[in-house]
Amino acid sequence: MKKMPVLAALAVALQSISASADSLRIDNATIITMGSMGTLQAADILIEDGEITAIGSDLSGDADRVIDANGAIITPAMFAGATTTGLVEVNAVRESVDSSVSETPLSKLHVEFDVRRAYSPLSSLHAITRTEGFGYTLLAATGGQYSIAGVGSLVDFDGGFDSFSGDNTVFIDVDGYSSRKVGGSRAAHWMLLEGAMADLDGRASEQEYLTQAGRAVLKRLKSDGIFVFAANRAADIKQVIGFADEHDINAVIVGAREAWMLADELADSDIAVMVNGLDNLPADFDSLGSRLDNAALLSNAGVTVMFTSDETHNARKIRQGAGTAVAYGMDYDLALQAMTTTPAEVFGGRSRVLAVGNSADLVVWSGDPLEVTSYATAVVIEGQLTSMESRQSKLLERYLPEDAGMGRAYINR
Amino acid sequence: MKHLHQVGLIAGTLIAASFAASVSTADTPFPSTYKAPSHAPTLITNATVLTGTGERLEAASLYFVDGKIVSVGEPPIELTSDTRIIDAEGSWVTPGIIDVHSHLGVYPSPGVDAHSDGNEATAPVTAEVWAEHSVWPQDPGFGRALAGGITAMQILPGSANLFGGRGVTLKNVASVTYQGMKFPDAPYGLKMACGENPKRVYGRKGSGPSTRMGNIAGYRAAWIKATDYRDEHAEYEALSDEEKKEAKKPKRDLELETLAGVLDGEIIIHMHCYRADEMMTILDLAKEFNYKVGTFHHGVEAYKISSELAENGVCGALWADWWGFKMEAYDGIQENIALVDRPEGSCSVVHSDSDEGIQRLNQEAAKAMSRGNKAGMDIAPERAIKWITSNAAKSLGIDDQTGSLTSGLMADVVIWSGNPFSVYAKANQVFIDGVERYNRDDPTLQPVSDFELGQLLEVSQ
């Protein structure tokens, strides 16, 4: 009985993020489809029941809602990088952070730690990120007790409690910074990971590295999951390449500041990277070779490049990194791909390409989507035109008027 | 006795100014050794010039000689034969970019424990420490910032303490010593911090403060001591030489000397403070002890009190979009900088507090400008550039020397590849006191720190 009003309130909250319309047409846009249709000028796009049903010029037919884009650019909704959106509200408020587990009763690798069990779509961060043109993120486990941080996957910013998609993805630290967690040497990461793999094969005898649940999860990951390794140093990246080859796993490297040194090998091994386009400092001895043209050198060599910003609250900053990568030589189209369609392909999500038959996840931009002065003017997620309101837009509304009338607290629409 | 003491206080206040000159900076310890080398008279032509004073000039010239700006707009009628002429067609020219909040050198790259020199987190009041004594001039971050057009910056201690210590303003010139970078005659800053950081650091130690009210009590106790110290020294300095022989010379105290420098208006307060209510409390605190807050740093909620900041003549040094990393940063909005800029007499500043952000303050300003315009304000690049040039110079008390392209000021100049309010724009040439310190096309004009020299030699690039 008591719970009823709460559930009712949730239902209202969930509905309110999207203006419900069965069909939506956006006219007169520059549509960057990221697919076989390329970029279309003065084009229209029709969305019915969540799906793209037509793209072309002068589409006719009724739609419940029609928007004139006035020539604005449309792209697929963007990827917000690897974040902990929905797993954190305020970093320094411990009880609002669920992205890592550090102390557990068993001194083992906990590959079965799955952050999706802690996920909430009702965090204020969702609207704040979505309204900036982002449709999905890679929900990541961060820095666990030992080498393995835990499992996550792609998640859509559609307000759903379980809008997870794509392949199960495990996050693993093998860098120097995290070596303190495994006794002081990064070699111990590989000792533990090899031990876990041996555990899986039933080869380990004296020491078991995994729990029973962990063995089941790792087994599944090995056959159809993705292993994301946090590594920056070229030597560590080299280890990842060898490990992925030996165990026949799908590997992605995040950080990857010195990856440019191994660009050809990464391309040959079909290992994708997620980089921060703003990295260029020797932040530590793992990243002496950090440089702004890392993304350009990698993508020119044929490596699949994605971006991440190392931020969750300010995940929107990822666009600045992609723009900077372009400023330092990355092909514009590849950078835009990296920001939209590539992550869905790499992590096994549905296609984000704007094409008939695909789910409609798109953004209307005020200008060049990689430019810092541009912003999203409309965001469509799974065919629904979503609200452009967020906690931050509400704060702006409250403090924008110079006359506060009764006081700011009453500016409360 | 009581009566006498009060008289002494009044006397102390009256002669504060002369005391300031004679005691606070007595021997100007650790003096700047920076001297700009000579350079050819330089004429930049055909550029879009943002002057930093709110003007935008098209197809304009900038002429500087002996480190000083001579003319802006029209080229001089006569040029000497040794003049270097740079045709900057298609380029934009701005004053050198100034970051009022940096920890380069004190939290340098690589960020190893041995380099963690920014917070003397051993007591809540450490006004006696000076950030310059922690600066590692070989921080590769200085060179990266130069490539982003940074010509001057204030290096501050961290925010663990109520009084974190003195900041120092540096020219962004490569040097083996920080003295070789020290901005001549720039006033010192004093870093103070509100809110969560000090109460967290000292609450955990069990020594306090552990609450916001404890923070305020800590500031007040320190200002009371500082006021007494200042008066005691002032009274002594007011004595004649004869009287001085009889009187006991008051002891020197580094902590109180710095605080007295603030009371005397010599040292500028740079206060880390996020919440609107806390900033207003601090303005009352400043009134209680008759000092001035120069700049609130971070001020994630500054937009809630933009009028009050302008009325009090306080600058807000802010981020374009950073928020949410702690409770006091929860209400951050991207229009903060534009809203703080809106009232008459405002002083909005874009700061970095980051070795990444300092490399692209122009982009941070671009984001803030765009968000202001989206919200209906009408902010042109010629206004927004002030946030990272003249307003920043004002915050540091060096606006009579640099921060705008005004004749007589230092020739601190950036030539950009295009409109600097873009992610694609690059600083192509950077001049400090007229000397070309960076050139994107000329590796011999790109400083490399000792730390980075000879690394990764085996890698073919």
# chains A, B, ... in the order shown; residues from 1 in each chain; ligands from 1
call {"tool": "closest_atom_pairs", "arguments": {"of": "chain B", "to": "chain A", "cutoff": "9 Å", "atoms": "only C-alpha atoms", "output": "JSON lines"}}
result
{"residue": "B:Pro108", "atom": "CA", "partner": "A:Ala283", "partner_atom": "CA", "distance": 8.3}
{"residue": "B:Ser109", "atom": "CA", "partner": "A:Ala283", "partner_atom": "CA", "distance": 5.0}
{"residue": "B:Pro110", "atom": "CA", "partner": "A:Asp284", "partner_atom": "CA", "distance": 4.4}
{"residue": "B:Gly111", "atom": "CA", "partner": "A:Ala283", "partner_atom": "CA", "distance": 5.7}
{"residue": "B:Val112", "atom": "CA", "partner": "A:Asp284", "partner_atom": "CA", "distance": 6.6}
{"residue": "B:Pro140", "atom": "CA", "partner": "A:Leu281", "partner_atom": "CA", "distance": 7.3}
{"residue": "B:Gly141", "atom": "CA", "partner": "A:Leu281", "partner_atom": "CA", "distance": 7.0}
{"residue": "B:Arg144", "atom": "CA", "partner": "A:Leu281", "partner_atom": "CA", "distance": 7.9}
{"residue": "B:Tyr303", "atom": "CA", "partner": "A:Tyr399", "partner_atom": "CA", "distance": 7.2}
{"residue": "B:Lys304", "atom": "CA", "partner": "A:Tyr399", "partner_atom": "CA", "distance": 6.3}
{"residue": "B:Asp321", "atom": "CA", "partner": "A:Asn314", "partner_atom": "CA", "distance": 6.9}
{"residue": "B:Trp322", "atom": "CA", "partner": "A:Asn314", "partner_atom": "CA", "distance": 6.1}
{"residue": "B:Trp323", "atom": "CA", "partner": "A:His313", "partner_atom": "CA", "distance": 6.6}
{"residue": "B:Gly324", "atom": "CA", "partner": "A:Val90", "partner_atom": "CA", "distance": 5.6}
{"residue": "B:Phe325", "atom": "CA", "partner": "A:Asn91", "partner_atom": "CA", "distance": 4.9}
{"residue": "B:Lys326", "atom": "CA", "partner": "A:Ala92", "partner_atom": "CA", "distance": 4.8}
{"residue": "B:Met327", "atom": "CA", "partner": "A:Val90", "partner_atom": "CA", "distance": 6.2}
{"residue": "B:Ala329", "atom": "CA", "partner": "A:Val90", "partner_atom": "CA", "distance": 8.6}
{"residue": "B:Tyr330", "atom": "CA", "partner": "A:Val90", "partner_atom": "CA", "distance": 7.3}
{"residue": "B:Asp331", "atom": "CA", "partner": "A:Gln392", "partner_atom": "CA", "distance": 7.2}
{"residue": "B:Gly332", "atom": "CA", "partner": "A:Gln392", "partner_atom": "CA", "distance": 7.2}
{"residue": "B:Ile333", "atom": "CA", "partner": "A:Gln392", "partner_atom": "CA", "distance": 5.6}
{"residue": "B:Gln334", "atom": "CA", "partner": "A:Gln392", "partner_atom": "CA", "distance": 8.1}
{"residue": "B:Glu335", "atom": "CA", "partner": "A:Leu396", "partner_atom": "CA", "distance": 7.3}
{"residue": "B:Asn336", "atom": "CA", "partner": "A:Leu396", "partner_atom": "CA", "distance": 8.8}
{"residue": "B:Leu339", "atom": "CA", "partner": "A:Leu400", "partner_atom": "CA", "distance": 7.5}
{"residue": "B:Asp355", "atom": "CA", "partner": "A:Leu281", "partner_atom": "CA", "distance": 8.3}
{"residue": "B:Glu356", "atom": "CA", "partner": "A:Leu278", "partner_atom": "CA", "distance": 7.1}
{"residue": "B:Gln363", "atom": "CA", "partner": "A:Val372", "partner_atom": "CA", "distance": 6.7}
{"residue": "B:Glu364", "atom": "CA", "partner": "A:Val372", "partner_atom": "CA", "distance": 8.3}
{"residue": "B:Ala366", "atom": "CA", "partner": "A:Thr373", "partner_atom": "CA", "distance": 6.0}
{"residue": "B:Lys367", "atom": "CA", "partner": "A:Thr373", "partner_atom": "CA", "distance": 5.3}
{"residue": "B:Ala368", "atom": "CA", "partner": "A:Thr373", "partner_atom": "CA", "distance": 8.3}
{"residue": "B:Met369", "atom": "CA", "partner": "A:Thr373", "partner_atom": "CA", "distance": 7.8}
{"residue": "B:Ser370", "atom": "CA", "partner": "A:Thr373", "partner_atom": "CA", "distance": 5.2}
{"residue": "B:Arg371", "atom": "CA", "partner": "A:Thr373", "partner_atom": "CA", "distance": 7.8}
{"residue": "B:Lys374", "atom": "CA", "partner": "A:Tyr375", "partner_atom": "CA", "distance": 8.9}
{"residue": "B:Ala375", "atom": "CA", "partner": "A:Leu400", "partner_atom": "CA", "distance": 8.0}
{"residue": "B:Phe421", "atom": "CA", "partner": "A:Thr373", "partner_atom": "CA", "distance": 7.5}
{"residue": "B:Ser422", "atom": "CA", "partner": "A:Val372", "partner_atom": "CA", "distance": 6.2}
{"residue": "B:Val423", "atom": "CA", "partner": "A:Glu371", "partner_atom": "CA", "distance": 5.7}
{"residue": "B:Tyr424", "atom": "CA", "partner": "A:Ala327", "partner_atom": "CA", "distance": 4.9}
{"residue": "B:Ala425", "atom": "CA", "partner": "A:Ala327", "partner_atom": "CA", "distance": 7.7}
{"residue": "B:Lys426", "atom": "CA", "partner": "A:Ala327", "partner_atom": "CA", "distance": 8.4}
{"residue": "B:Glu452", "atom": "CA", "partner": "A:Leu288", "partner_atom": "CA", "distance": 7.8}
{"residue": "B:Gln455", "atom": "CA", "partner": "A:Leu288", "partner_atom": "CA", "distance": 7.4}
{"residue": "B:Leu456", "atom": "CA", "partner": "A:Gly289", "partner_atom": "CA", "distance": 7.3}
{"residue": "B:Val459", "atom": "CA", "partner": "A:Met261", "partner_atom": "CA", "distance": 7.4}
{"residue": "B:Ser460", "atom": "CA", "partner": "A:Met261", "partner_atom": "CA", "distance": 8.3}
{"residue": "B:Gln461", "atom": "CA", "partner": "A:Met261", "partner_atom": "CA", "distance": 8.2}
call {"tool": "select_by_dssp", "arguments": {"residues": "range 182-406 of chain B", "states": "helix (DSSP H, G or I)", "output": "PyMOL selection string"}}
result
chain B and resi 196-205+212-238+241-246+254-263+276-288+302-311+327-329+336-341+357-374+381-388+390-396
call {"tool": "select_by_dssp", "arguments": {"residues": "range 16-260 of chain B", "states": "strand (DSSP E or B)", "output": "PyMOL selection string"}}
result
chain B and resi 42-50+56-65+68-73+84-87+92-95+97-102+125+130+150-155+163-171+182+189-193
call {"tool": "residues_around", "arguments": {"residues": "Thr75 in chain A", "least_positions_apart": "5", "cutoff": "6 Å", "atoms": "only C-alpha atoms", "output": "JSON, numbers by chain"}}
result
{"A": [32, 362, 363]}
call {"tool": "residues_around", "arguments": {"residues": "range 183-188 of chain B", "least_positions_apart": "2", "cutoff": "6 Å", "atoms": "only C-alpha atoms", "output": "JSON, numbers by chain"}}
result
{"B": [32, 168, 169, 170, 171, 267]}
call {"tool": "write_last_selection", "arguments": {"atoms": "all heavy atoms", "output": "JSON list (two decimals), in the first residue's frame"}}
result
[["chain", "number", "residue", "atom", "x", "y", "z"],
["B", 32, "SER", "N", 62.50, 38.35, -8.64],
["B", 32, "SER", "CA", 62.47, 37.93, -10.03],
["B", 32, "SER", "C", 63.82, 38.21, -10.68],
["B", 32, "SER", "O", 64.42, 39.26, -10.47],
["B", 32, "SER", "CB", 61.38, 38.69, -10.79],
["B", 32, "SER", "OG", 61.50, 38.45, -12.18],
["B", 168, "VAL", "N", 51.96, 32.73, -6.72],
["B", 168, "VAL", "CA", 52.94, 33.55, -7.43],
["B", 168, "VAL", "C", 52.53, 33.65, -8.90],
["B", 168, "VAL", "O", 52.04, 32.68, -9.48],
["B", 168, "VAL", "CB", 54.36, 32.95, -7.30],
["B", 168, "VAL", "CG1", 54.47, 31.57, -7.96],
["B", 168, "VAL", "CG2", 55.41, 33.90, -7.87],
["B", 169, "THR", "N", 52.71, 34.83, -9.46],
["B", 169, "THR", "CA", 52.41, 35.02, -10.87],
["B", 169, "THR", "C", 53.69, 34.87, -11.68],
["B", 169, "THR", "O", 54.70, 35.49, -11.36],
["B", 169, "THR", "CB", 51.76, 36.39, -11.10],
["B", 169, "THR", "OG1", 50.52, 36.43, -10.38],
["B", 169, "THR", "CG2", 51.49, 36.64, -12.57],
["B", 170, "LEU", "N", 53.61, 34.00, -12.68],
["B", 170, "LEU", "CA", 54.78, 33.70, -13.50],
["B", 170, "LEU", "C", 54.55, 34.11, -14.95],
["B", 170, "LEU", "O", 53.42, 34.03, -15.44],
["B", 170, "LEU", "CB", 55.09, 32.19, -13.48],
["B", 170, "LEU", "CG", 55.36, 31.54, -12.13],
["B", 170, "LEU", "CD1", 55.59, 30.03, -12.32],
["B", 170, "LEU", "CD2", 56.58, 32.17, -11.44],
["B", 171, "LYS", "N", 55.60, 34.51, -15.60],
["B", 171, "LYS", "CA", 55.61, 34.60, -17.05],
["B", 171, "LYS", "C", 55.82, 33.17, -17.57],
["B", 171, "LYS", "O", 56.63, 32.43, -17.00],
["B", 171, "LYS", "CB", 56.78, 35.47, -17.51],
["B", 171, "LYS", "CG", 56.63, 36.94, -17.16],
["B", 171, "LYS", "CD", 56.13, 37.68, -18.37],
["B", 171, "LYS", "CE", 55.97, 39.17, -18.07],
["B", 171, "LYS", "NZ", 55.32, 39.85, -19.20],
["B", 267, "ILE", "N", 48.47, 42.27, -0.79],
["B", 267, "ILE", "CA", 48.36, 40.90, -1.25],
["B", 267, "ILE", "C", 46.89, 40.63, -1.57],
["B", 267, "ILE", "O", 46.00, 41.01, -0.79],
["B", 267, "ILE", "CB", 48.89, 39.92, -0.18],
["B", 267, "ILE", "CG1", 50.39, 40.16, 0.02],
["B", 267, "ILE", "CG2", 48.61, 38.47, -0.58],
["B", 267, "ILE", "CD1", 51.02, 39.33, 1.12]]
call {"tool": "atom_distance", "arguments": {"atom1": "CA of Lys68 in chain B", "atom2": "CA of Pro443 in chain B"}}
result
25.7 Å
call {"tool": "residues_around", "arguments": {"residues": "Gly214 in chain B", "least_positions_apart": "2", "cutoff": "12 Å", "atoms": "only C-alpha atoms", "output": "list in words"}}
result
Pro124, Leu162, Cys194, Gly195, Glu196, Pro198, Lys199, Arg200, Tyr202, Gly203, Ser207, Gly208, Pro209, Ser210, Thr211, Arg212, Ile216, Ala217, Gly218, Tyr219, Arg220 and Ala221 of chain B
call {"tool": "residues_around", "arguments": {"residues": "Asp400 in chain B", "least_positions_apart": "4", "cutoff": "9 Å", "atoms": "only C-alpha atoms", "output": "ChimeraX atom specification"}}
result
/B:393-394,409
call {"tool": "atom_distance", "arguments": {"atom1": "CA of Gly56 in chain A", "atom2": "CA of Arg352 in chain A"}}
result
17.9 Å
call {"tool": "residues_around", "arguments": {"residues": "Ala427 in chain B", "least_positions_apart": "5", "cutoff": "8 Å", "atoms": "only C-alpha atoms", "output": "number ranges by chain"}}
result
B: 147-149, 414-417, 440
call {"tool": "atom_distance", "arguments": {"atom1": "CA of Asp66 in chain B", "atom2": "CA of Asn391 in chain B"}}
result
24.8 Å
call {"tool": "closest_atom_pairs", "arguments": {"of": "range 94-213 of chain A", "to": "range 244-247 of chain A", "cutoff": "12 Å", "atoms": "only C-alpha atoms", "output": "Markdown table"}}
result
| residue | atom | partner | partner_atom | distance |
| --- | --- | --- | --- | --- |
| A:Trp190 | CA | A:Ala244 | CA | 11.8 |
| A:Leu193 | CA | A:His247 | CA | 10.8 |
| A:Glu194 | CA | A:His247 | CA | 9.4 |
| A:Ala196 | CA | A:His247 | CA | 11.5 |
| A:Met197 | CA | A:His247 | CA | 8.2 |
| A:Ala198 | CA | A:His247 | CA | 10.4 |
| A:Leu200 | CA | A:His247 | CA | 11.3 |
| A:Asp201 | CA | A:His247 | CA | 11.2 |
call {"tool": "write_last_selection", "arguments": {"atoms": "N, CA and C atoms", "output": "PDB file, in the first residue's frame"}}
result
ATOM      1  N   TRP A 190      49.161  -9.707 -14.705  1.00  0.00           N
ATOM      2  CA  TRP A 190      49.170 -10.800 -15.684  1.00  0.00           C
ATOM      3  C   TRP A 190      49.227 -12.151 -14.983  1.00  0.00           C
ATOM      4  N   LEU A 193      45.645 -12.683 -13.955  1.00  0.00           N
ATOM      5  CA  LEU A 193      44.766 -12.926 -15.109  1.00  0.00           C
ATOM      6  C   LEU A 193      45.050 -14.287 -15.733  1.00  0.00           C
ATOM      7  N   GLU A 194      46.321 -14.631 -15.802  1.00  0.00           N
ATOM      8  CA  GLU A 194      46.646 -15.970 -16.323  1.00  0.00           C
ATOM      9  C   GLU A 194      46.114 -17.029 -15.363  1.00  0.00           C
ATOM     10  N   ALA A 196      43.473 -16.771 -13.496  1.00  0.00           N
ATOM     11  CA  ALA A 196      42.021 -16.842 -13.680  1.00  0.00           C
ATOM     12  C   ALA A 196      41.684 -17.657 -14.914  1.00  0.00           C
ATOM     13  N   MET A 197      42.464 -17.451 -15.976  1.00  0.00           N
ATOM     14  CA  MET A 197      42.220 -18.205 -17.203  1.00  0.00           C
ATOM     15  C   MET A 197      42.479 -19.704 -16.982  1.00  0.00           C
ATOM     16  N   ALA A 198      43.510 -19.989 -16.196  1.00  0.00           N
ATOM     17  CA  ALA A 198      43.828 -21.388 -15.892  1.00  0.00           C
ATOM     18  C   ALA A 198      42.713 -21.999 -15.037  1.00  0.00           C
ATOM     19  N   LEU A 200      39.729 -21.285 -15.178  1.00  0.00           N
ATOM     20  CA  LEU A 200      38.614 -21.531 -16.092  1.00  0.00           C
ATOM     21  C   LEU A 200      38.751 -22.895 -16.759  1.00  0.00           C
ATOM     22  N   ASP A 201      39.991 -23.203 -17.081  1.00  0.00           N
ATOM     23  CA  ASP A 201      40.234 -24.476 -17.749  1.00  0.00           C
ATOM     24  C   ASP A 201      40.326 -25.628 -16.751  1.00  0.00           C
TER      25      ASP A 201
END
call {"tool": "closest_residue", "arguments": {"among": "A:Ser36, A:Leu298, A:Ala256, A:Ile148", "to": "Asp268 in chain A", "atoms": "only C-alpha atoms"}}
result
A:Leu298
